[in-house]
$ cat work.cif   # mmCIF, C-alpha atoms
data_structure
#
loop_
_atom_site.label_atom_id
_atom_site.label_comp_id
_atom_site.auth_asym_id
_atom_site.auth_seq_id
_atom_site.Cartn_x
_atom_site.Cartn_y
_atom_site.Cartn_z
CA MET A 257 162.94 171.99 -67.51
CA THR A 258 160.50 170.67 -70.11
CA THR A 259 158.74 173.85 -71.27
CA THR A 260 158.00 173.25 -74.96
CA LYS A 261 155.76 170.68 -76.62
CA ALA A 262 158.71 169.16 -78.47
CA ALA A 263 160.66 168.83 -75.23
CA VAL A 264 157.68 167.29 -73.43
CA ASP A 265 157.05 164.84 -76.26
CA ALA A 266 160.72 163.81 -76.26
CA TYR A 267 160.68 163.38 -72.46
CA VAL A 268 157.50 161.28 -72.59
CA GLU A 269 158.86 159.08 -75.38
CA LYS A 270 162.19 158.58 -73.62
CA ASN A 271 160.55 157.61 -70.33
CA PHE A 272 157.61 155.69 -71.79
CA PRO A 273 159.01 152.19 -71.04
CA TRP A 274 159.76 153.19 -67.44
CA ASN A 275 156.40 154.87 -66.87
CA PHE A 276 154.56 151.99 -68.52
CA ALA A 277 156.33 149.51 -66.22
CA VAL A 278 155.85 151.38 -62.93
CA ASN A 279 152.20 152.09 -63.69
CA VAL A 280 151.68 148.42 -64.50
CA ILE A 281 153.08 147.68 -61.02
CA ASP A 282 150.69 150.22 -59.51
CA ILE A 283 147.55 149.00 -61.29
CA THR A 284 148.44 145.31 -61.06
CA PHE A 285 148.91 145.30 -57.30
CA ILE A 286 146.04 147.66 -56.51
CA SER A 287 143.81 145.46 -58.68
CA LEU A 288 145.06 142.38 -56.83
CA GLY A 289 144.56 143.93 -53.40
CA LEU A 290 141.06 145.21 -54.14
CA SER A 291 140.04 141.91 -55.76
CA LEU A 292 140.79 140.06 -52.51
CA ILE A 293 138.29 142.27 -50.67
CA SER A 294 135.96 142.67 -53.65
CA ARG A 295 133.05 145.07 -53.24
CA ASP A 296 131.05 142.63 -55.37
CA THR A 297 131.67 139.47 -53.33
CA ILE A 298 133.73 139.65 -50.11
CA MET A 299 132.42 142.94 -48.71
CA PRO A 300 128.74 141.99 -49.23
CA LEU A 301 129.44 138.63 -47.58
CA LEU A 302 131.06 140.41 -44.62
CA VAL A 303 128.15 142.81 -44.22
CA SER A 304 125.67 139.93 -44.43
CA GLN A 305 127.52 138.39 -41.45
CA LEU A 306 127.15 141.63 -39.49
CA THR A 307 123.49 142.42 -40.28
CA ASP A 308 120.40 140.96 -41.95
CA SER A 309 119.61 144.22 -43.75
CA LYS A 310 119.60 144.04 -47.57
CA ILE A 311 119.78 147.82 -47.74
CA ALA A 312 123.05 147.68 -45.78
CA ILE A 313 124.49 145.55 -48.57
CA GLY A 314 123.35 148.18 -51.07
CA LEU A 315 125.15 150.81 -48.99
CA ILE A 316 128.54 149.33 -49.93
CA PRO A 317 128.54 150.54 -53.56
CA ALA A 318 126.43 153.57 -52.62
CA ILE A 319 128.85 154.92 -50.01
CA TYR A 320 131.87 154.11 -52.13
CA SER A 321 130.36 155.79 -55.18
CA LEU A 322 129.41 158.95 -53.30
CA GLY A 323 132.89 159.26 -51.83
CA PHE A 324 134.55 158.52 -55.16
CA TYR A 325 132.40 160.66 -57.44
CA LEU A 326 131.29 163.72 -55.45
CA PRO A 327 134.63 165.40 -54.57
CA GLN A 328 136.14 165.18 -58.05
CA LEU A 329 134.61 168.35 -59.43
CA PHE A 330 135.83 170.26 -56.37
CA MET A 331 139.35 168.88 -56.86
CA ALA A 332 139.55 169.38 -60.64
CA ASN A 333 140.23 173.10 -60.22
CA HIS A 334 143.16 172.28 -57.93
CA ALA A 335 144.46 169.54 -60.22
CA GLU A 336 144.55 171.93 -63.18
CA SER A 337 146.80 174.29 -61.21
CA LEU A 338 149.48 171.65 -60.50
CA VAL A 339 152.59 171.67 -62.67
CA ARG A 340 153.13 168.03 -61.66
CA LYS A 341 150.29 165.89 -60.38
CA MET A 342 152.17 162.92 -58.87
CA PRO A 343 153.25 164.39 -55.47
CA PHE A 344 149.64 165.29 -54.65
CA VAL A 345 148.35 161.91 -55.84
CA ALA A 346 151.02 160.05 -53.84
CA LEU A 347 150.10 161.86 -50.60
CA ILE A 348 146.36 161.26 -50.94
CA GLY A 349 146.89 157.72 -52.20
CA SER A 350 148.85 156.64 -49.15
CA VAL A 351 147.08 158.02 -46.08
CA VAL A 352 143.52 158.56 -47.28
CA GLU A 353 143.05 155.92 -49.99
CA ARG A 354 145.01 152.84 -48.89
CA LEU A 355 145.43 152.99 -45.10
CA PRO A 356 141.69 152.65 -44.26
CA TYR A 357 141.70 149.07 -45.57
CA LEU A 358 144.13 148.14 -42.80
CA GLY A 359 141.78 149.90 -40.40
CA MET A 360 138.89 147.72 -41.61
CA GLY A 361 140.87 144.58 -40.84
CA LEU A 362 141.71 145.84 -37.36
CA ALA A 363 138.08 146.84 -36.69
CA ILE A 364 136.89 143.36 -37.68
CA TRP A 365 139.51 141.77 -35.42
CA ALA A 366 138.63 143.98 -32.45
CA PHE A 367 134.83 144.20 -32.57
CA ALA A 368 133.12 141.80 -35.01
CA ASP A 369 132.82 138.88 -32.60
CA HIS A 370 131.20 140.80 -29.75
CA THR A 371 129.81 144.07 -31.14
CA PRO A 372 128.96 143.63 -34.83
CA ALA A 373 127.13 146.96 -34.93
CA VAL A 374 130.35 148.80 -34.03
CA THR A 375 132.20 146.86 -36.72
CA LEU A 376 129.54 147.74 -39.28
CA VAL A 377 129.72 151.45 -38.45
CA ALA A 378 133.53 151.44 -38.50
CA PHE A 379 133.53 149.56 -41.81
CA PHE A 380 131.24 152.08 -43.50
CA ILE A 381 133.16 155.08 -42.09
CA LEU A 382 136.47 153.68 -43.33
CA LEU A 383 134.89 152.79 -46.68
CA ALA A 384 133.74 156.39 -46.99
CA ILE A 385 137.24 157.67 -46.17
CA THR A 386 139.02 155.47 -48.71
CA SER A 387 136.47 156.30 -51.39
CA LEU A 388 136.96 160.02 -50.68
CA GLY A 389 140.71 159.54 -51.05
CA THR A 390 140.23 157.81 -54.38
CA GLY A 391 137.85 160.53 -55.56
CA ILE A 392 140.07 163.39 -54.43
CA GLY A 393 143.09 161.96 -56.21
CA THR A 394 141.46 160.73 -59.43
CA PRO A 395 141.39 163.96 -61.52
CA ALA A 396 145.10 164.56 -60.89
CA TRP A 397 146.02 160.86 -61.26
CA LEU A 398 144.18 160.33 -64.52
CA THR A 399 145.58 163.58 -65.94
CA MET A 400 149.07 162.34 -65.01
CA ILE A 401 148.37 159.06 -66.84
CA GLY A 402 147.29 161.10 -69.85
CA LYS A 403 150.61 162.96 -69.70
CA VAL A 404 152.95 159.98 -69.42
CA LEU A 405 151.11 157.49 -71.68
CA PRO A 406 150.13 158.35 -75.30
CA VAL A 407 146.44 158.04 -76.24
CA ASN A 408 146.93 154.98 -78.45
CA ARG A 409 148.70 153.06 -75.67
CA ARG A 410 146.37 153.69 -72.74
CA GLY A 411 143.93 150.91 -73.58
CA ILE A 412 146.62 148.26 -73.78
CA PHE A 413 148.17 149.64 -70.58
CA PHE A 414 144.93 149.25 -68.64
CA GLY A 415 144.38 145.89 -70.29
CA ILE A 416 147.79 144.45 -69.41
CA SER A 417 147.91 145.85 -65.89
CA GLY A 418 144.33 144.86 -65.10
CA GLY A 419 144.92 141.45 -66.68
CA LEU A 420 148.03 140.78 -64.60
CA GLY A 421 146.20 141.89 -61.47
CA ALA A 422 143.37 139.54 -62.36
CA LEU A 423 145.67 136.57 -62.98
CA MET A 424 147.32 137.13 -59.63
CA GLY A 425 143.88 137.69 -58.12
CA ILE A 426 142.72 134.25 -59.24
CA VAL A 427 145.40 132.68 -57.06
CA GLY A 428 144.59 135.16 -54.32
CA ALA A 429 140.88 134.35 -54.50
CA SER A 430 141.60 130.66 -53.95
CA VAL A 431 143.66 131.62 -50.90
CA VAL A 432 140.78 133.81 -49.70
CA GLY A 433 138.41 130.85 -50.06
CA GLN A 434 140.73 128.69 -47.97
CA ILE A 435 141.06 131.40 -45.33
CA LEU A 436 137.28 131.81 -45.10
CA ASP A 437 136.81 128.04 -44.75
CA THR A 438 139.68 127.13 -42.43
CA MET A 439 139.98 130.10 -40.09
CA PRO A 440 137.30 131.01 -37.55
CA TYR A 441 135.15 134.10 -37.98
CA PRO A 442 136.08 136.97 -37.67
CA ASP A 443 139.81 136.17 -37.91
CA ASN A 444 139.31 134.99 -41.48
CA PHE A 445 138.01 138.37 -42.67
CA THR A 446 140.70 140.17 -40.65
CA TRP A 447 143.50 138.37 -42.48
CA VAL A 448 141.90 138.89 -45.87
CA PHE A 449 141.87 142.67 -45.32
CA VAL A 450 145.42 142.76 -43.91
CA ILE A 451 146.81 140.78 -46.87
CA ALA A 452 144.95 143.04 -49.29
CA PHE A 453 146.49 146.11 -47.63
CA ILE A 454 150.01 144.73 -48.14
CA PHE A 455 149.40 144.52 -51.90
CA LEU A 456 147.90 148.02 -51.92
CA ALA A 457 151.09 149.30 -50.26
CA ILE A 458 153.19 147.68 -52.99
CA SER A 459 151.07 149.39 -55.64
CA TRP A 460 151.82 152.77 -54.04
CA VAL A 461 155.55 152.21 -54.65
CA GLY A 462 154.84 151.91 -58.38
CA LEU A 463 152.80 155.11 -58.27
CA VAL A 464 155.55 157.27 -56.74
CA LEU A 465 158.13 156.07 -59.29
CA ASN A 466 156.40 157.88 -62.18
CA ARG A 467 158.57 160.25 -64.23
CA GLU A 468 156.10 163.00 -65.03
CA PRO A 469 156.92 166.01 -67.23
CA GLU A 470 155.77 169.50 -66.37
CA SER A 471 152.38 170.50 -67.74
CA LEU A 472 152.64 172.81 -70.75
CA VAL A 473 149.47 174.65 -69.78
CA VAL A 474 148.72 175.24 -66.10
CA LYS A 475 145.52 177.03 -65.20
CA LYS A 476 145.47 179.47 -62.33
CA GLN A 477 143.30 178.18 -59.51
CA VAL A 478 140.20 180.36 -59.32
CA PRO A 479 137.53 180.75 -56.60
CA LEU A 480 135.09 177.83 -56.60
CA ILE A 481 132.12 180.10 -57.40
CA THR A 482 133.88 181.41 -60.50
CA TYR A 483 134.91 177.90 -61.46
CA PHE A 484 131.41 176.47 -61.07
CA LYS A 485 129.86 179.29 -63.10
CA GLN A 486 131.73 178.12 -66.20
CA LEU A 487 130.56 174.51 -65.96
CA PRO A 488 127.15 174.96 -67.69
CA ASN A 489 129.09 176.30 -70.67
CA VAL A 490 131.05 173.04 -70.80
CA LEU A 491 127.83 171.06 -71.23
CA ARG A 492 126.33 173.54 -73.70
CA GLY A 493 129.55 173.76 -75.69
CA ASN A 494 129.99 169.98 -75.96
CA PRO A 495 126.57 168.38 -76.59
CA ASN A 496 128.15 165.03 -77.45
CA PHE A 497 129.69 164.92 -73.97
CA THR A 498 126.32 165.84 -72.46
CA ARG A 499 124.66 162.97 -74.33
CA PHE A 500 127.36 160.64 -73.03
CA LEU A 501 126.62 161.65 -69.44
CA ILE A 502 122.88 161.02 -69.88
CA THR A 503 123.23 157.63 -71.56
CA TYR A 504 125.98 156.39 -69.29
CA GLY A 505 123.95 157.45 -66.25
CA ILE A 506 120.99 155.37 -67.43
CA SER A 507 123.22 152.36 -68.02
CA ARG A 508 124.69 152.69 -64.52
CA LEU A 509 121.26 152.12 -63.01
CA GLY A 510 121.66 148.65 -64.45
CA ALA A 511 124.60 148.17 -62.10
CA MET A 512 122.29 148.23 -59.06
CA ALA A 513 122.30 144.42 -59.09
CA ILE A 514 126.05 143.83 -58.93
CA GLY A 515 126.49 143.76 -55.16
CA PHE A 516 123.60 141.32 -54.72
CA PHE A 517 124.64 138.46 -57.02
CA LEU A 518 126.77 136.68 -54.42
CA VAL A 519 124.34 137.25 -51.54
CA PHE A 520 121.53 135.91 -53.75
CA GLY A 521 123.65 132.83 -54.51
CA ASN A 522 124.54 132.33 -50.87
CA THR A 523 120.88 132.63 -49.84
CA ASN A 524 119.64 130.18 -52.48
CA TYR A 525 122.53 127.72 -52.73
CA ASN A 526 124.20 127.94 -49.28
CA LEU A 527 127.69 128.59 -50.64
CA SER A 528 130.80 127.47 -48.76
CA GLY A 529 133.88 129.64 -48.31
CA THR A 530 135.61 127.69 -51.07
CA GLN A 531 132.68 128.32 -53.42
CA VAL A 532 132.78 132.01 -52.57
CA GLY A 533 136.50 132.02 -53.38
CA THR A 534 135.81 130.16 -56.64
CA LEU A 535 133.16 132.66 -57.73
CA THR A 536 135.51 135.51 -56.84
CA ALA A 537 138.26 133.84 -58.90
CA ILE A 538 135.84 133.41 -61.82
CA LEU A 539 134.89 137.09 -61.59
CA ILE A 540 138.54 138.14 -61.49
CA GLY A 541 139.63 135.69 -64.18
CA SER A 542 136.89 136.71 -66.59
CA GLY A 543 137.84 140.33 -66.06
CA GLY A 544 141.52 139.54 -66.56
CA VAL A 545 141.03 137.77 -69.88
CA THR A 546 138.65 140.38 -71.26
CA ASN A 547 140.85 143.23 -69.97
CA LEU A 548 143.33 142.47 -72.74
CA ILE A 549 140.57 142.29 -75.34
CA TRP A 550 138.90 145.52 -74.19
CA GLY A 551 142.25 147.33 -74.09
CA TRP A 552 143.05 146.26 -77.67
CA VAL A 553 139.57 147.24 -78.91
CA GLY A 554 139.67 150.57 -77.07
CA ASP A 555 143.02 151.55 -78.59
CA ARG A 556 142.00 150.65 -82.12
CA ALA A 557 138.24 151.23 -82.36
CA GLY A 558 137.61 153.68 -79.52
CA HIS A 559 136.25 153.28 -76.02
CA LYS A 560 132.60 153.89 -76.90
CA ILE A 561 132.15 150.41 -78.39
CA VAL A 562 133.77 148.89 -75.29
CA LEU A 563 131.27 150.64 -73.02
CA VAL A 564 128.33 149.61 -75.22
CA LEU A 565 129.34 145.94 -75.24
CA SER A 566 130.14 145.85 -71.52
CA THR A 567 126.72 147.37 -70.75
CA PHE A 568 124.98 144.68 -72.80
CA LEU A 569 126.99 141.99 -70.97
CA LEU A 570 125.88 143.49 -67.64
CA ALA A 571 122.26 143.28 -68.78
CA LEU A 572 122.78 139.67 -69.82
CA ALA A 573 124.31 138.83 -66.42
CA ALA A 574 121.28 140.30 -64.64
CA LEU A 575 118.88 138.43 -66.92
CA LEU A 576 120.71 135.17 -66.24
CA ALA A 577 120.53 135.76 -62.48
CA TRP A 578 116.82 136.51 -62.88
CA THR A 579 116.27 133.04 -64.36
CA SER A 580 118.91 131.26 -62.23
CA THR A 581 118.04 127.73 -61.14
CA SER A 582 121.45 126.30 -60.23
CA GLU A 583 125.00 127.12 -59.25
CA ILE A 584 126.03 126.64 -62.90
CA SER A 585 123.93 129.62 -63.98
CA LEU A 586 125.51 131.60 -61.14
CA ILE A 587 128.97 130.76 -62.50
CA ILE A 588 128.01 132.03 -65.97
CA THR A 589 126.57 135.16 -64.35
CA PHE A 590 129.92 135.90 -62.74
CA ILE A 591 131.77 135.28 -66.02
CA LEU A 592 129.57 137.88 -67.73
CA LEU A 593 129.86 140.24 -64.77
CA GLY A 594 133.68 140.06 -64.83
CA ALA A 595 133.74 140.88 -68.55
CA ALA A 596 131.27 143.74 -68.09
CA THR A 597 133.04 145.39 -65.15
CA SER A 598 136.48 145.09 -66.77
CA GLY A 599 135.25 146.83 -69.93
CA ASP A 600 133.69 149.59 -67.87
CA GLY A 601 136.86 149.96 -65.80
CA ILE A 602 139.10 150.32 -68.85
CA SER A 603 136.95 152.67 -70.92
CA ARG A 604 134.80 154.72 -68.54
CA LEU A 605 137.48 157.28 -67.73
CA SER A 606 139.62 156.73 -70.81
CA ILE A 607 136.81 157.97 -73.03
CA VAL A 608 136.36 161.10 -70.92
CA LEU A 609 139.96 162.17 -71.65
CA GLU A 610 139.10 162.17 -75.35
CA PHE A 611 136.26 164.66 -74.99
CA ALA A 612 138.67 167.39 -73.78
CA VAL A 613 141.95 169.14 -74.56
CA PRO A 614 144.71 168.24 -72.04
CA GLU A 615 144.40 171.32 -69.84
CA ASP A 616 140.64 170.78 -69.44
CA GLN A 617 140.79 167.06 -68.66
CA PRO A 618 140.57 167.38 -64.84
CA THR A 619 137.38 169.42 -65.22
CA TYR A 620 135.84 166.86 -67.58
CA ILE A 621 136.82 164.01 -65.23
CA GLY A 622 135.42 165.82 -62.20
CA LEU A 623 132.26 166.91 -64.01
CA THR A 624 131.60 163.37 -65.24
CA ASN A 625 132.05 161.72 -61.89
CA THR A 626 130.30 164.33 -59.77
CA LEU A 627 127.23 164.53 -62.01
CA LEU A 628 126.99 160.74 -62.09
CA ALA A 629 127.38 160.43 -58.31
CA PRO A 630 123.65 160.51 -57.42
CA VAL A 631 122.81 157.84 -59.98
CA VAL A 632 125.71 155.56 -59.11
CA ALA A 633 125.14 155.95 -55.36
CA LEU A 634 121.36 155.69 -55.27
CA GLY A 635 121.19 152.76 -57.71
CA PRO A 636 122.42 150.09 -55.24
CA ILE A 637 120.18 151.51 -52.48
CA LEU A 638 117.26 151.29 -54.92
CA GLY A 639 118.35 147.72 -55.62
CA GLY A 640 118.34 146.88 -51.91
CA TRP A 641 114.89 148.43 -51.51
CA LEU A 642 113.52 146.53 -54.52
CA ALA A 643 114.98 143.28 -53.19
CA THR A 644 113.29 143.97 -49.85
CA VAL A 645 109.80 144.94 -51.08
CA MET A 646 109.82 142.52 -54.03
CA ASP A 647 112.63 139.96 -54.29
CA TYR A 648 116.12 139.57 -55.74
CA ARG A 649 114.89 138.23 -59.07
CA SER A 650 112.56 141.16 -59.73
CA MET A 651 115.36 143.57 -58.93
CA PHE A 652 117.66 141.74 -61.37
CA LEU A 653 115.08 142.10 -64.15
CA ILE A 654 114.62 145.83 -63.54
CA SER A 655 118.38 146.40 -63.54
CA ALA A 656 118.70 144.51 -66.84
CA VAL A 657 116.10 146.80 -68.45
CA PHE A 658 118.03 149.91 -67.39
CA ALA A 659 121.30 148.48 -68.72
CA LEU A 660 119.73 147.60 -72.07
CA ILE A 661 118.16 151.05 -72.50
CA GLY A 662 121.42 152.80 -71.57
CA GLY A 663 123.47 150.62 -73.93
CA VAL A 664 121.16 151.23 -76.89
CA LEU A 665 121.14 155.00 -76.30
CA LEU A 666 124.93 155.10 -75.91
CA MET A 667 125.32 153.22 -79.18
CA ALA A 668 122.86 155.32 -81.19
CA TRP A 669 123.07 158.81 -79.65
CA VAL A 670 126.73 159.40 -78.77
CA ARG A 671 129.45 159.91 -81.40
CA GLU A 672 132.88 158.35 -80.87
CA PRO A 673 134.85 161.31 -79.43
CA ARG A 674 138.11 160.15 -81.00
CA LYS A 675 136.63 161.05 -84.38
CA MET A 676 135.93 164.62 -83.25
CA THR A 677 138.26 167.51 -82.40
CA PRO A 678 137.95 168.60 -78.75
CA VAL A 679 137.31 172.28 -78.07
CA ALA A 680 138.87 174.13 -75.13
CA ILE A 681 136.51 175.27 -72.39
CA SER A 682 137.83 178.82 -72.73
CA SER A 683 136.46 179.07 -76.25
CA ASN A 684 132.93 178.38 -74.97
CA LEU A 685 132.98 180.89 -72.13
CA THR A 686 130.65 183.85 -72.43
CA PRO A 687 132.17 187.26 -71.71
#
$ encode --input "work.cif" --output "structure tokens"
Amino acid sequence: MTTTKAAVDAYVEKNFPWNFAVNVIDITFISLGLSLISRDTIMPLLVSQLTDSKIAIGLIPAIYSLGFYLPQLFMANHAESLVRKMPFVALIGSVVERLPYLGMGLAIWAFADHTPAVTLVAFFILLAITSLGTGIGTPAWLTMIGKVLPVNRRGIFFGISGGLGALMGIVGASVVGQILDTMPYPDNFTWVFVIAFIFLAISWVGLVLNREPESLVVKKQVPLITYFKQLPNVLRGNPNFTRFLITYGISRLGAMAIGFFLVFGNTNYNLSGTQVGTLTAILIGSGGVTNLIWGWVGDRAGHKIVLVLSTFLLALAALLAWTSTSEISLIITFILLGAATSGDGISRLSIVLEFAVPEDQPTYIGLTNTLLAPVVALGPILGGWLATVMDYRSMFLISAVFALIGGVLLMAWVREPRKMTPVAISSNLTP
């Protein structure tokens, strides 16, 4: 049994190559699978086939964000009580997180042609289920990653795995474009979701192969009321973390535009299935290339600068869409969007780990994601409403302003947590 810090460190170092490899398999194939059914391109296109409502398109990121963010604070208490996190993550990751995507494909196959309303309802229910699974498992999963991968190797891990997933996704996106063009609707969307599920299943195999040491410090699970009472002390005791939550929340309002870029392009430029696949490939490819850059920068300079730069790139993408006059400008928009979302994906949760000592990390992860849930969920709905009462371009401009404000505040108001010593929650608790 690994019960001392020296023993744990030796176990982690010995198994680092194995854990790095299996987690690369996990992230690479889950990135590939999710890129084929992208929430930024393919899912909005599917929903636009099922309904004319712009708000329904905004519901895609809204529902996913609520399911992903809200349960994490409730699960952090449980995650902190687990000696090993992987068995719990593997269970949730199989049935609740990955299986619903197969259900989406089957629902499209069974109902989309004759009863699109039923398909739409089933799609959103299954999207909510998979997002809940991801949210429930994230505090334990990310804490496990923090245990098996040293802090100065996490950025390059996310960069390499995300980059490989993106490179494979470029090929996959071209296949998706061919499927959308050559197969009749709704069979084309059915096969896209089924193929994506196969890759998600492969990623799960990588997940369960982790060699995780026992946690040195395991907190006793306490009643939720007791647990929640200590949370205000976390924010008061770590003002730099509180400033991060505020600034990042503002910048996330700038993400309200993301789900509408492709629908805007399709409305204005009548995109073919091949063009949709090409834009998806550009999004994935841009993210793949910049994944490696962001991972390198995050490991060496900290994840704050990555988040600042990715927020500015998001603002630039929205501004370019605001002034778009051709498909060329749309291509550049998707290049910027890929770079922005990859930077956010690598550093958003990695930076949170650095605000806390290891035993408190699930609470910090859950607190971050649950507090940000209303902003992240309501932003796309606000975007859909603005696009309805105004137009797409006006909504893009407003989202760019939010992203710029959030990026400037994050740069000027938040200190790089890696340069500070984290303080345990217990030291900030009042008697």
$ resolve_selection --input "work.cif" --expression "the PyMOL selection byres ((chain A and resi 534-547) around 9)" --output "PyMOL selection string"
chain A and resi 291-292+294+296-298+412+414-423+425-430+433+518+529-533+548-552+586-599+601-602
$ closest_residue --input "work.cif" --among "A:Ser321, A:Gln305, A:Asn279, A:Ser387" --to "Leu634 (chain A)" --atoms "all atoms listed in the file"
A:Ser321
$ resolve_selection --input "work.cif" --expression "the PyMOL selection byres ((chain A and resi 672) around 10)" --output "list of chain:residue names"
A:Asn496, A:Phe500, A:Ala557, A:Gly558, A:His559, A:Lys560, A:Ile561, A:Ile607, A:Glu610, A:Phe611, A:Leu666, A:Met667, A:Trp669, A:Val670, A:Arg671, A:Pro673, A:Arg674, A:Lys675, A:Met676
$ atom_distance --input "work.cif" --atom1 "CA of Arg508 (chain A)" --atom2 "CA of Trp397 (chain A)"
23.1 Å
$ residues_around --input "work.cif" --residues "region 635-642 of chain A" --least-positions-apart "5" --cutoff "9 Å" --atoms "all atoms listed in the file" --output "list in words"
Ser309, Lys310, Ile311, Ala312, Ile313, Gly314, Leu315, Ile316, Pro317, Ala318, Arg508, Leu509, Gly510, Ala511, Met512, Ala513, Ile514, Gly515, Phe516, Pro630, Asp647, Tyr648, Ser650, Met651, Phe652, Ile654 and Ser655 of chain A
$ closest_residue --input "work.cif" --among "A:Phe455, A:Tyr525, A:Tyr325, A:Phe658" --to "Met424 (chain A)" --atoms "only C-alpha atoms"
A:Phe455
$ residues_near_point --input "work.cif" --point "(143.9, 167.0, -56.6)" --cutoff "7 Å" --atoms "all atoms listed in the file" --output "list in words"
Met331, Ala332, His334, Ala335, Phe344, Val345, Ile392, Gly393, Pro395 and Ala396 of chain A
$ write_last_selection --input "work.cif" --atoms "C-alpha atoms" --output "tab-separated table (two decimals), keeping the file's coordinate frame"
chain	number	residue	atom	x	y	z
A	331	MET	CA	139.35	168.88	-56.86
A	332	ALA	CA	139.55	169.38	-60.64
A	334	HIS	CA	143.16	172.28	-57.93
A	335	ALA	CA	144.46	169.54	-60.22
A	344	PHE	CA	149.64	165.29	-54.65
A	345	VAL	CA	148.35	161.91	-55.84
A	392	ILE	CA	140.07	163.39	-54.43
A	393	GLY	CA	143.09	161.96	-56.21
A	395	PRO	CA	141.39	163.96	-61.52
A	396	ALA	CA	145.10	164.56	-60.89
$ closest_residue --input "work.cif" --among "A:Thr619, A:Gln434, A:Gln477, A:Thr482" --to "Ser528 (chain A)" --atoms "all atoms listed in the file"
A:Gln434
$ residues_around --input "work.cif" --residues "Ala457 (chain A)" --least-positions-apart "4" --cutoff "10 Å" --atoms "all atoms listed in the file" --output "JSON, numbers by chain"
{"A": [282, 285, 286, 289, 349, 350, 354, 355, 452, 453, 461, 462]}
$ residues_around --input "work.cif" --residues "Phe484 (chain A)" --least-positions-apart "5" --cutoff "10 Å" --atoms "only C-alpha atoms" --output "PyMOL selection string"
chain A and resi 329-330+333+478-479+489
$ resolve_selection --input "work.cif" --expression "the PyMOL selection byres ((chain A and resi 468) around 9)" --output "list in words"
Tyr267, Val268, Asn271, Asn275, Arg340, Lys341, Met342, Met400, Ile401, Lys403, Val404, Asn466, Arg467, Pro469, Glu470 and Ser471 of chain A
$ atom_distance --input "work.cif" --atom1 "CA of Phe276 (chain A)" --atom2 "CA of Phe413 (chain A)"
7.1 Å
$ closest_residue --input "work.cif" --among "A:Val431, A:Glu615, A:Leu605, A:Val657" --to "Leu572 (chain A)" --atoms "all atoms listed in the file"
A:Val657
